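The structure appears below as structure tokens.
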Amino acid sequence: RRQPHRQDGVGMTTLDRLQKILVEHLGVEPRRVTEEAVFYDLGTDSLDGVEICIKAEEEFGIEIDDGEWWDVTTVGDAVKLIDRLAVPA
């Protein structure tokens with residue numbers, strides 16, 4: 001099976017790690033956090049967006065440009081952005 005996203009040292013993909021952030025921050029069911037899920041549909045507002053961006057930066061050890069983050073619409077968009085910015089371990 002094709003592994004579509006970068007994995008960390010314990011086998012978690014970028015999607016897995018971002019899903020954990022979203023579930024904890026938004027209180028949504030993990031099954032709702034798919035690559036196709038739209039952040040707005042998950043109940044995020046602009047403050048949530050800022051907080052999720054900060055948590056993603058901390059989790060992945062990256063810096064995300066505000067303009068790039070606000071172009072993100074879906075969870076899959078965020079995964080692609082994070083994978084592009086993340087430095088391989």
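Identifiers in this document derive from the order of the structure tokens: chains are assigned A, B, ..., residues are numbered from 1 separately in each chain, and ligands are numbered from 1 in order of occurrence.
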Q) Which of chain A counts as helix (DSSP H, G or I) under DSSP, as a PyMOL selection string please? A) chain A and resi 14-26+30-32+40-42+46-60+66-70+75-85
(Q) Excluding Cys53 in chain A and its own-chain neighbours fewer than 3 positions away, which residues fall within 9 Å of it when counting only C-alpha atoms? Please give them as a list in words. (A) Asp48, Gly49, Val50, Ala56, Glu57, Glu58, Ile64, Asp66 and Trp69 of chain A
**Q.** Contact residues around range 32-38 of chain A with only C-alpha atoms at 9 Å, ignoring same-chain residues under 6 positions, as a ChimeraX atom specification
**A.** /A:15,18-19,22-23,73-79
Residues from the last selection, N, CA and C atoms, saved as a tab-separated table (two decimals), in the first residue's frame:
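Contents of the output file selection.tsv:
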```tsv
chain	number	residue	atom	x	y	z
A	15	LEU	N	-0.43	13.20	8.28
A	15	LEU	CA	-1.88	13.23	8.48
A	15	LEU	C	-2.24	12.76	9.88
A	18	LEU	N	-1.31	15.56	12.36
A	18	LEU	CA	-2.19	16.72	12.23
A	18	LEU	C	-3.59	16.36	12.73
A	19	GLN	N	-4.03	15.15	12.45
A	19	GLN	CA	-5.33	14.69	12.93
A	19	GLN	C	-5.38	14.77	14.46
A	22	LEU	N	-5.90	18.33	15.53
A	22	LEU	CA	-7.27	18.80	15.27
A	22	LEU	C	-8.28	18.17	16.21
A	23	VAL	N	-8.13	16.89	16.48
A	23	VAL	CA	-9.05	16.21	17.40
A	23	VAL	C	-8.95	16.84	18.80
A	73	THR	N	-7.16	25.22	2.64
A	73	THR	CA	-8.61	25.04	2.79
A	73	THR	C	-8.96	23.71	3.42
A	74	THR	N	-8.27	22.66	2.99
A	74	THR	CA	-8.57	21.31	3.47
A	74	THR	C	-7.42	20.78	4.32
A	75	VAL	N	-7.71	19.71	5.04
A	75	VAL	CA	-6.67	19.04	5.82
A	75	VAL	C	-5.57	18.54	4.88
A	76	GLY	N	-5.94	18.05	3.71
A	76	GLY	CA	-4.95	17.60	2.74
A	76	GLY	C	-4.04	18.72	2.28
A	77	ASP	N	-4.60	19.93	2.11
A	77	ASP	CA	-3.77	21.09	1.76
A	77	ASP	C	-2.73	21.35	2.86
A	78	ALA	N	-3.16	21.24	4.11
A	78	ALA	CA	-2.25	21.48	5.24
A	78	ALA	C	-1.16	20.41	5.27
A	79	VAL	N	-1.52	19.16	5.02
A	79	VAL	CA	-0.54	18.08	5.01
A	79	VAL	C	0.51	18.33	3.93
```
Q. Of the residues A:Leu26, A:Gly61, A:Lys80, A:Lys20, which is the one nearest to Phe39 in chain A, using only C-alpha atoms?
A. A:Leu26
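Among the candidate residues A:Asp16, A:Glu29, A:Asp71, A:Glu24, the one lying nearest to Lys55 in chain A is A:Glu24, with distances computed using only C-alpha atoms.
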Q) Looking at A:His25, A:Gly67, A:Thr14, A:Glu59, which one is nearest to Leu47 in chain A, with distances taken over only C-alpha atoms? A) A:His25
